[in-house]
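So this block is my_file-v3.txt, compact mmCIF, C-alpha atoms and all ligand atoms:
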# COMPACT_ATOMS: atom_id res chain seq x y z
CA MET A 1347 171.12 77.78 118.23
CA CYS A 1348 171.41 81.09 120.04
CA PHE A 1349 168.49 82.33 118.08
CA ILE A 1350 166.30 79.42 119.12
CA LEU A 1351 167.28 79.99 122.73
CA LEU A 1352 166.40 83.62 122.32
CA ILE A 1353 162.94 82.93 121.07
CA LYS A 1354 162.36 80.47 123.86
CA SER A 1355 163.66 82.73 126.59
CA PRO A 1356 161.10 84.50 128.78
CA LEU A 1357 162.51 87.88 127.86
CA ALA A 1358 162.19 87.30 124.16
CA GLY A 1359 158.89 85.54 124.73
CA ASN A 1360 157.32 88.61 126.28
CA PHE A 1361 158.92 90.77 123.75
CA PHE A 1362 157.92 88.94 120.66
CA ALA A 1363 154.42 88.35 121.91
CA ALA A 1364 153.96 91.96 122.93
CA ARG A 1365 155.36 93.57 119.84
CA CYS A 1366 154.48 90.97 117.20
CA VAL A 1367 157.96 91.13 115.82
CA ASN A 1368 158.59 89.79 112.38
CA ILE A 1369 160.87 86.91 113.21
CA ARG A 1370 162.31 86.60 109.74
CA GLN A 1371 163.38 90.24 109.86
CA SER A 1372 165.04 89.81 113.24
CA PHE A 1373 166.79 86.72 112.01
CA ARG A 1374 168.26 88.75 109.15
CA VAL A 1375 169.51 91.28 111.67
CA VAL A 1376 171.10 88.55 113.73
CA VAL A 1377 172.79 87.07 110.69
CA ASP A 1378 174.02 90.49 109.56
CA GLN A 1379 175.34 91.17 113.00
CA VAL A 1380 177.13 87.88 113.42
CA PHE A 1381 178.84 88.19 110.06
CA ASN A 1382 179.66 91.86 110.14
CA GLN A 1383 180.66 92.22 113.80
CA SER A 1384 180.17 95.94 113.39
CA LEU A 1385 178.18 97.17 116.37
CA ASP A 1386 179.98 100.48 116.48
CA GLY A 1387 180.58 100.75 112.79
CA ASN A 1388 178.19 101.81 110.11
CA LEU A 1389 174.79 100.81 111.33
CA MET A 1390 172.70 102.61 108.78
CA LYS A 1391 171.42 99.34 107.46
CA PHE A 1392 169.58 98.71 110.70
CA HIS A 1393 167.40 101.67 109.97
CA THR A 1394 165.22 99.45 107.91
CA TYR A 1395 164.62 97.22 110.90
CA SER A 1396 162.46 97.74 113.90
CA LEU A 1397 163.34 98.66 117.45
CA GLN A 1398 163.20 95.04 118.52
CA SER A 1399 166.47 94.34 116.77
CA VAL A 1400 168.42 96.19 119.44
CA LEU A 1401 167.57 93.56 122.01
CA VAL A 1402 168.35 90.71 119.67
CA ILE A 1403 171.73 92.21 118.78
CA PHE A 1404 172.42 93.02 122.37
CA LEU A 1405 171.84 89.49 123.56
CA LEU A 1406 174.09 88.08 120.87
CA CYS A 1407 176.94 90.39 121.70
CA PHE A 1408 177.88 88.77 124.93
CA SER A 1409 179.55 85.54 125.89
CA SER A 1410 177.36 82.49 126.41
CA ASN A 1411 177.73 82.97 130.14
CA THR A 1412 176.35 86.49 130.03
CA PHE A 1413 173.75 85.39 127.55
CA ALA A 1414 172.56 82.87 130.11
CA GLN A 1415 172.58 85.56 132.78
CA VAL A 1416 170.19 87.64 130.78
CA THR A 1417 167.80 85.07 129.48
CA LEU A 1418 167.40 82.23 131.94
CA GLN A 1419 164.45 82.50 134.24
CA THR A 1420 165.69 81.45 137.62
CA PRO A 1421 163.86 83.91 139.83
CA ASN A 1422 165.25 82.76 143.16
CA GLU A 1423 168.90 82.65 142.29
CA THR A 1424 171.35 85.09 143.82
CA VAL A 1425 172.84 86.82 140.80
CA THR A 1426 174.82 89.79 142.09
CA GLY A 1427 175.19 93.26 140.64
CA GLU A 1428 178.81 92.49 139.79
CA ASP A 1429 177.72 89.42 137.78
CA ILE A 1430 175.13 91.30 135.77
CA PHE A 1431 176.87 94.66 135.39
CA VAL A 1432 178.44 93.94 131.97
CA VAL A 1433 174.94 93.65 130.52
CA CYS A 1434 174.11 97.21 131.57
CA THR A 1435 177.17 98.58 129.77
CA PHE A 1436 175.76 97.73 126.35
CA CYS A 1437 173.13 100.45 126.51
CA HIS A 1438 174.42 102.64 129.35
CA GLY A 1439 178.07 102.95 128.20
CA GLY A 1440 181.24 101.13 129.28
CA SER A 1441 181.40 102.80 132.70
CA VAL A 1442 177.60 103.33 132.76
CA GLN A 1443 178.17 107.05 132.26
CA GLY A 1444 175.52 107.18 129.55
CA ASN A 1445 175.28 106.39 125.85
CA ASP A 1446 172.93 108.71 123.99
CA ARG A 1447 173.10 106.69 120.78
CA ARG A 1448 171.43 103.82 122.58
CA ASP A 1449 169.23 106.12 124.68
CA GLY A 1450 170.74 104.76 127.89
CA PRO A 1451 171.16 107.48 130.53
CA ALA A 1452 174.12 107.79 132.88
CA LEU A 1453 173.66 105.51 135.88
CA ALA A 1454 177.00 106.22 137.57
CA GLY A 1455 176.35 109.05 140.01
CA LEU A 1456 172.77 108.02 140.77
CA GLU A 1457 172.09 106.88 144.30
CA ALA A 1458 171.05 103.34 145.19
CA TRP A 1459 167.53 104.28 146.35
CA TYR A 1460 166.71 105.93 143.00
CA LEU A 1461 168.27 103.16 140.90
CA GLU A 1462 166.32 100.58 142.88
CA LEU A 1463 163.02 102.44 142.55
CA GLN A 1464 163.40 102.86 138.79
CA MET A 1465 164.39 99.23 138.24
CA HIS A 1466 161.25 98.13 140.09
CA ASN A 1467 159.21 100.59 138.03
CA PHE A 1468 160.54 99.19 134.76
CA LYS A 1469 160.06 95.61 135.93
CA ASN A 1470 156.47 96.25 137.04
CA GLY A 1471 155.67 98.17 133.87
CA VAL A 1472 155.04 101.40 135.81
CA ARG A 1473 157.75 103.04 133.71
CA GLY A 1474 158.02 102.24 130.00
CA TYR A 1475 154.26 101.85 130.12
CA LEU A 1476 153.11 103.47 126.88
CA ALA A 1477 154.07 102.34 123.38
CA GLU A 1478 155.14 105.94 122.59
CA ASP A 1479 157.82 105.62 125.27
CA VAL A 1480 160.26 103.80 123.00
CA PRO A 1481 163.39 103.94 125.21
CA GLY A 1482 161.33 103.23 128.32
CA GLN A 1483 160.01 100.14 126.59
CA VAL A 1484 163.52 99.00 125.67
CA MET A 1485 164.41 99.06 129.37
CA HIS A 1486 161.06 97.55 130.35
CA PHE A 1487 161.41 94.64 127.96
CA SER A 1488 165.01 94.07 129.13
CA SER A 1489 164.00 94.01 132.78
CA PRO A 1490 163.61 90.22 133.24
CA MET A 1491 167.44 90.35 133.51
CA LEU A 1492 166.93 92.09 136.86
CA ARG A 1493 165.33 88.90 138.19
CA ASN A 1494 164.38 89.57 141.81
CA ASP A 1495 164.69 92.00 144.71
CA PHE A 1496 168.10 90.60 145.63
CA THR A 1497 169.60 91.29 142.20
CA ILE A 1498 167.97 94.71 141.96
CA LYS A 1499 169.35 95.75 145.34
CA SER A 1500 172.76 94.32 144.57
CA VAL A 1501 173.08 96.01 141.17
CA ALA A 1502 171.88 99.32 142.64
CA GLU A 1503 174.55 99.18 145.34
CA TYR A 1504 177.21 98.16 142.85
CA ILE A 1505 176.42 101.05 140.48
CA ALA A 1506 176.03 103.60 143.28
CA ALA A 1507 179.63 102.87 144.32
CA LEU A 1508 181.02 103.66 140.83
CA GLU A 1509 182.83 106.83 139.94
CA PRO A 1510 180.44 109.29 138.27
CA GLY A 1511 181.42 111.33 135.26
CA LYS A 1512 179.75 113.66 132.81
CA PRO A 1513 178.14 111.73 129.94
CA MET A 1514 180.29 111.53 126.85
CA ALA A 1515 178.96 113.98 124.27
CA LEU A 1516 180.46 111.99 121.41
CA ASN A 1517 178.06 109.19 122.11
CA ALA A 1518 175.46 111.19 120.27
CA VAL A 1519 177.39 110.95 117.02
CA GLY A 1520 176.10 108.48 114.46
CA PRO A 1521 172.78 106.78 114.09
CA ARG A 1522 171.06 104.58 116.60
CA PRO A 1523 171.47 100.87 116.06
CA TYR A 1524 167.72 100.59 115.52
CA PHE A 1525 164.91 102.42 113.88
CA TRP A 1526 162.98 104.83 116.07
CA ASP A 1527 160.25 106.72 114.31
CA SER A 1528 159.19 109.38 116.77
CA PRO A 1529 159.17 113.17 117.05
CA TYR A 1530 161.49 112.79 120.05
CA ALA A 1531 164.08 110.74 118.23
CA GLY A 1532 166.55 113.50 117.32
CA LEU A 1533 170.06 112.97 118.58
CA ASP A 1534 170.91 116.65 118.29
CA SER A 1535 168.88 119.39 119.86
CA SER A 1536 167.90 122.05 117.35
CA ILE A 1537 167.31 124.60 120.12
CA SER A 1538 170.20 125.99 122.10
CA GLY A 1539 169.46 126.76 125.71
CA ASN A 1540 170.13 129.95 127.62
CA ALA A 1541 171.53 128.96 131.01
CA GLU A 1542 170.79 132.40 132.55
CA ALA A 1543 167.10 132.12 131.72
CA GLY A 1544 167.17 128.50 132.90
CA LYS A 1545 168.65 129.56 136.23
CA ASN A 1546 165.55 131.60 137.07
CA THR A 1547 163.23 128.70 136.36
CA TYR A 1548 165.45 126.26 138.20
CA SER A 1549 165.72 128.43 141.31
CA SER A 1550 162.02 129.18 141.47
CA VAL A 1551 160.64 125.70 140.62
CA CYS A 1552 163.12 122.84 140.53
CA THR A 1553 165.21 123.65 143.63
CA ILE A 1554 162.36 122.70 145.95
CA CYS A 1555 162.74 119.02 145.09
CA HIS A 1556 166.04 118.56 143.24
CA GLY A 1557 168.02 120.92 145.51
CA GLU A 1558 170.08 123.96 144.67
CA ASP A 1559 173.00 121.72 143.72
CA GLY A 1560 170.79 119.44 141.54
CA LYS A 1561 171.70 116.39 143.58
CA GLY A 1562 168.13 115.39 144.39
CA ASN A 1563 166.25 114.48 147.54
CA GLU A 1564 165.51 110.94 148.64
CA ALA A 1565 162.60 111.90 150.91
CA LEU A 1566 160.85 113.50 147.90
CA GLY A 1567 161.94 110.82 145.42
CA ALA A 1568 163.63 113.49 143.29
CA ALA A 1569 166.53 112.30 141.17
CA ASN A 1570 170.09 113.55 141.05
CA LEU A 1571 170.28 115.46 137.76
CA ILE A 1572 173.89 116.54 137.53
CA TYR A 1573 175.35 113.56 135.66
CA LEU A 1574 172.57 113.21 133.08
CA SER A 1575 173.15 114.20 129.46
CA GLU A 1576 171.31 117.20 128.00
CA LEU A 1577 169.69 114.99 125.42
CA TYR A 1578 168.31 112.58 128.00
CA MET A 1579 167.04 115.36 130.31
CA THR A 1580 165.39 117.16 127.41
CA ARG A 1581 163.61 114.02 126.32
CA GLN A 1582 162.45 113.18 129.85
CA LEU A 1583 161.08 116.69 130.38
CA MET A 1584 159.18 116.50 127.10
CA TYR A 1585 157.90 113.03 127.99
CA PHE A 1586 156.67 114.22 131.38
CA ARG A 1587 155.06 117.27 129.79
CA ASP A 1588 153.37 115.25 127.04
CA GLY A 1589 152.10 112.54 129.37
CA ILE A 1590 154.44 109.81 128.09
CA ARG A 1591 156.39 109.37 131.35
CA GLY A 1592 154.44 109.38 134.61
CA ALA A 1593 151.35 108.09 132.81
CA HIS A 1594 150.83 104.89 134.80
CA PRO A 1595 148.25 105.29 137.60
CA ASP A 1596 150.71 103.77 140.12
CA ASP A 1597 153.60 106.03 139.13
CA VAL A 1598 153.20 108.37 142.07
CA ARG A 1599 156.61 110.06 141.78
CA GLY A 1600 156.40 110.29 138.01
CA GLN A 1601 153.04 112.03 138.29
CA GLN A 1602 154.49 114.62 140.67
CA MET A 1603 157.24 115.42 138.21
CA ALA A 1604 154.74 115.47 135.34
CA VAL A 1605 152.82 118.26 137.09
CA MET A 1606 156.02 120.27 137.50
CA SER A 1607 157.05 119.80 133.86
CA LYS A 1608 153.90 121.65 132.74
CA LEU A 1609 155.45 124.80 134.19
CA LEU A 1610 158.03 124.69 131.40
CA ILE A 1611 155.89 126.45 128.87
CA ASP A 1612 157.68 125.58 125.62
CA ASP A 1613 160.68 123.70 124.16
CA GLN A 1614 162.84 126.79 124.64
CA SER A 1615 162.19 126.85 128.41
CA ILE A 1616 163.13 123.16 128.55
CA ALA A 1617 166.37 123.86 126.65
CA ASP A 1618 167.13 126.77 129.01
CA VAL A 1619 166.67 124.84 132.23
CA VAL A 1620 168.63 121.87 130.84
CA ALA A 1621 171.50 124.21 129.86
CA TYR A 1622 171.56 125.50 133.43
CA ILE A 1623 171.47 122.04 135.05
CA SER A 1624 174.28 120.72 132.87
CA GLY A 1625 176.49 123.54 134.14
CA LEU A 1626 175.93 122.63 137.80
C1 LIG B 1 168.90 97.06 125.79
C2 LIG B 1 169.35 98.30 126.36
C3 LIG B 1 169.46 98.39 127.87
C4 LIG B 1 170.09 97.55 128.74
C5 LIG B 1 170.82 96.27 128.42
C6 LIG B 1 169.97 98.13 130.06
N1 LIG B 1 169.26 99.31 129.97
FE1 LIG B 1 168.71 100.50 131.52
N2 LIG B 1 167.81 101.79 130.24
C7 LIG B 1 167.79 101.65 128.87
C8 LIG B 1 167.14 102.81 128.29
C9 LIG B 1 166.92 103.04 126.81
C10 LIG B 1 166.77 103.65 129.37
C11 LIG B 1 166.06 105.02 129.29
C12 LIG B 1 164.59 104.81 129.52
C13 LIG B 1 163.83 106.11 129.41
O1 LIG B 1 164.19 106.97 128.62
O2 LIG B 1 162.85 106.26 130.17
C14 LIG B 1 167.20 102.97 130.59
C15 LIG B 1 167.00 103.48 131.87
C16 LIG B 1 167.48 102.89 133.02
C17 LIG B 1 167.32 103.44 134.36
C18 LIG B 1 166.63 104.74 134.74
C19 LIG B 1 167.67 105.83 134.93
C20 LIG B 1 167.11 107.19 135.27
O3 LIG B 1 167.88 108.15 135.31
O4 LIG B 1 165.91 107.30 135.55
C21 LIG B 1 167.92 102.56 135.22
C22 LIG B 1 168.02 102.68 136.73
C23 LIG B 1 168.48 101.48 134.42
N3 LIG B 1 168.18 101.70 133.09
C24 LIG B 1 169.21 100.42 134.93
C25 LIG B 1 169.79 99.42 134.16
C26 LIG B 1 170.62 98.38 134.71
C27 LIG B 1 170.99 98.24 136.17
C28 LIG B 1 170.99 97.57 133.66
C29 LIG B 1 171.81 96.31 133.71
C30 LIG B 1 171.38 95.28 134.64
C31 LIG B 1 170.38 98.12 132.46
N4 LIG B 1 169.68 99.25 132.81
C32 LIG B 1 170.49 97.58 131.20
C33 LIG B 1 168.28 100.60 128.13
C34 LIG B 1 168.94 99.50 128.66
C1 LIG B 2 157.57 118.35 143.52
C2 LIG B 2 158.93 117.92 143.38
C3 LIG B 2 159.63 118.16 142.05
C4 LIG B 2 159.86 119.36 141.41
C5 LIG B 2 159.44 120.75 141.89
C6 LIG B 2 160.62 119.05 140.23
N1 LIG B 2 160.85 117.70 140.15
FE1 LIG B 2 161.91 116.72 138.70
N2 LIG B 2 161.50 114.96 139.56
C7 LIG B 2 160.78 114.79 140.73
C8 LIG B 2 160.64 113.38 141.00
C9 LIG B 2 159.91 112.79 142.20
C10 LIG B 2 161.31 112.70 139.95
C11 LIG B 2 161.45 111.18 139.78
C12 LIG B 2 160.28 110.67 138.97
C13 LIG B 2 160.26 109.18 138.88
O1 LIG B 2 160.44 108.49 139.90
O2 LIG B 2 160.06 108.67 137.77
C14 LIG B 2 161.83 113.71 139.06
C15 LIG B 2 162.53 113.44 137.91
C16 LIG B 2 163.09 114.40 137.09
C17 LIG B 2 163.87 114.13 135.90
C18 LIG B 2 164.21 112.76 135.34
C19 LIG B 2 165.47 112.23 136.01
C20 LIG B 2 165.91 110.89 135.50
O3 LIG B 2 166.98 110.45 135.93
O4 LIG B 2 165.22 110.28 134.69
C21 LIG B 2 164.27 115.33 135.39
C22 LIG B 2 165.13 115.57 134.17
C23 LIG B 2 163.71 116.35 136.26
N3 LIG B 2 163.00 115.77 137.27
C24 LIG B 2 163.89 117.72 136.07
C25 LIG B 2 163.21 118.69 136.79
C26 LIG B 2 163.23 120.11 136.46
C27 LIG B 2 164.04 120.71 135.33
C28 LIG B 2 162.43 120.74 137.35
C29 LIG B 2 162.05 122.20 137.39
C30 LIG B 2 161.37 122.71 136.23
C31 LIG B 2 161.89 119.73 138.25
N4 LIG B 2 162.38 118.50 137.87
C32 LIG B 2 161.04 119.99 139.31
C33 LIG B 2 160.26 115.78 141.52
C34 LIG B 2 160.25 117.12 141.23

For the file at hand, write its structure as structure tokens.
Ligand code: HEC
Ligand code: HEC
Amino acid sequence: MCFILLIKSPLAGNFFAARCVNIRQSFRVVVDQVFNQSLDGNLMKFHTYSLQSVLVIFLLCFSSNTFAQVTLQTPNETVTGEDIFVVCTFCHGGSVQGNDRRDGPALAGLEAWYLELQMHNFKNGVRGYLAEDVPGQVMHFSSPMLRNDFTIKSVAEYIAALEPGKPMALNAVGPRPYFWDSPYAGLDSSISGNAEAGKNTYSSVCTICHGEDGKGNEALGAANLIYLSELYMTRQLMYFRDGIRGAHPDDVRGQQMAVMSKLLIDDQSIADVVAYISGL
């Protein structure tokens, strides 16, 4: 029954229509999941399935109440951040301090204005715009859960009040629960960064917008970087550089950052600056 609901829900509707998912395949994933109950166990078998499975699994993992929270289209209702928060923990980690295995960055530690802006961007398709942006699309396709301006504001305030913490490195251990065929998919960086070299770049380029302390600047729309995992920052910098993030014509802030990312001349300079930021 859940499965039927899922297909009928607006979220799944968009999703299936947009990505032409093979329903029989997804059904197998659902059945596997329900019988094995092994979300954090050995998920290698999901490698044969497509990215779409992550959303299907994710929706089935919660109670019927939460399931309804995510899927029902009731745009005017006042669902608060507290009500919807548990949904975020699936991809962003239990205390929303990040979960690299599911590509969800740390949200705890980010300020309400930035959280709000990004949620609107995902909802409007300004972020997660290109098919190459696999994690961005996961968040984009999940964004009907954010419903309306009230819920977005409420969840941003709720998360901004949480205790930040450094992302848990161990989250990167093990495979993703879905197949992601992309040159950016690695969960371990093969290049180790030199924080000293990164410091020079950071001080001469990044400080202007993100601040010496890395905490960002609301007036410039620049994010707080200090709680983000190295893996996530590396991927974002490569995405900006390669035109995968900041590609939408209305993504004004993303475009500004994309220009800056071109100053990082190779993967080594990205690794260096990321090593420096993660020590801040
Ligand atoms: C199905 C998985 C999934 C769920 C559920 C989910 N997210 Fe995400 N979210 C992601 C992924 C993956 C990214 C990274 C996108 C990227 O790399 O551009 C992301 C990115 C974000 C960002 C951008 C952060 C940044 O540093 O720019 C915000 C804000 C966000 N999510 C908020 C939420 C909130 C709030 C909820 C709960 C209501 C939620 N997400 C639920 C997968 C998810
Ligand atoms: C001209 C101002 C500016 C400069 C200089 C700048 N940034 Fe940014 N940066 C931004 C803005 C604005 C965003 C938010 C983009 C968005 O809204 O999607 C951002 C976003 C980011 C993000 C993604 C954060 C997240 O949570 O997803 C990273 C990582 C980042 N910048 C790193 C850097 C590094 C490293 C440098 C130096 C090489 C740098 N930035 C220089 C403006 C700037």

Using all atoms listed in the file, which protein or nucleic acid residues come within 8 Å of A:Thr1497? Drop anything in the same chain fewer than 2 positions from it, and give the result as a count of residues only.
11

Atomic distance atom C5 of ligand LIG 2 (chain B) - atom CA of A:Gly1589, expressed in Å with one decimal
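Atom-to-atom, atom C5 of ligand LIG 2 (chain B) to atom CA of A:Gly1589, that is 16.7 Å.
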
At a cut-off of 6 Å around ligand LIG 1 (chain B), and using all atoms listed in the file, what residues come up? Please write them as a list of chain:residue names.
A:Leu1401, A:Ile1430, A:Phe1431, A:Val1433, A:Cys1434, A:Phe1436, A:Cys1437, A:Asp1449, A:Gly1450, A:Pro1451, A:Leu1461, A:Gln1464, A:Met1465, A:Pro1481, A:Gly1482, A:Val1484, A:Met1485, A:Ser1488, A:Leu1492, A:Val1501

Pick from A:Pro1523, A:Gly1600, A:Pro1595, A:Gly1544 nearest to ligand LIG 2 (chain B), counting only C-alpha atoms and all ligand atoms
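Using only C-alpha atoms and all ligand atoms, ligand LIG 2 (chain B) sits closest to A:Gly1600.
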
Near-A:Ala1541 list (10 Å; all atoms listed in the file; drop same-chain fewer than 4 positions) as a PyMOL selection string:
chain A and resi 1545-1548+1615+1617-1625

Residues within 6 Å of ligand LIG 2 (chain B) (all atoms listed in the file), as a list in words?
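What falls inside 6 Å of ligand LIG 2 (chain B) is Tyr1548, Val1551, Cys1552, Ile1554, Cys1555, Leu1566, Gly1567, Ala1568, Ala1569, Met1579, Gln1582, Leu1583, Arg1599, Gly1600, Gln1602, Met1603, Met1606, Ser1607 and Val1619 of chain A.
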
Any idea what the distance is between atom CA of A:Arg1587 and atom CA of A:Tyr1530?
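These atoms are spaced 12.5 Å apart.
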
Non-local contacts of A:Ser1441 (10 Å; all atoms listed in the file; under 6 positions in same chain excluded) as a PyMOL selection string
chain A and resi 1431-1432+1434-1435+1452-1454+1505+1508-1511+1513

Write to file, as a compact mmCIF listing (two decimals), in the frame of the given file, the residues of the selection just made, with C-alpha atoms.
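Wrote it out as result-v7.txt, contents follow:
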# COMPACT_ATOMS: atom_id res chain seq x y z
CA PHE A 1431 176.87 94.66 135.39
CA VAL A 1432 178.44 93.94 131.97
CA CYS A 1434 174.11 97.21 131.57
CA THR A 1435 177.17 98.58 129.77
CA ALA A 1452 174.12 107.79 132.88
CA LEU A 1453 173.66 105.51 135.88
CA ALA A 1454 177.00 106.22 137.57
CA ILE A 1505 176.42 101.05 140.48
CA LEU A 1508 181.02 103.66 140.83
CA GLU A 1509 182.83 106.83 139.94
CA PRO A 1510 180.44 109.29 138.27
CA GLY A 1511 181.42 111.33 135.26
CA PRO A 1513 178.14 111.73 129.94

At what distance in Å, to one decimal, does atom CA of A:Gly1440 lie from atom CA of A:His1556?
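Here the two named atoms are 27.0 Å from each other.
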
Top pick for closest residue to A:Ala1502, considering A:Gly1455, A:Pro1490, A:Gly1444, A:Gly1539 and counting only C-alpha atoms
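Smallest separation from A:Ala1502 among the options: A:Gly1455.
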
Which is closer to A:Ser1550 than all the others in A:Asp1429, A:Leu1609, A:Asn1445, A:Ala1458, using only C-alpha atoms?
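Of A:Asp1429, A:Leu1609, A:Asn1445, A:Ala1458, the one nearest A:Ser1550, counting only C-alpha atoms, is A:Leu1609.
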
Pick the closest to A:His1438 from A:Ile1616, A:Gln1601, A:Asp1527, A:Tyr1578: which is it, counting all atoms listed in the file?
A:Tyr1578

Contacts of A:Ser1489 at 10 Å or less, counting only C-alpha atoms, minus same-chain residues fewer than 5 places along, as an MDAnalysis selection string?
chainID A and resid 1357 1416 1465:1471 1483:1484
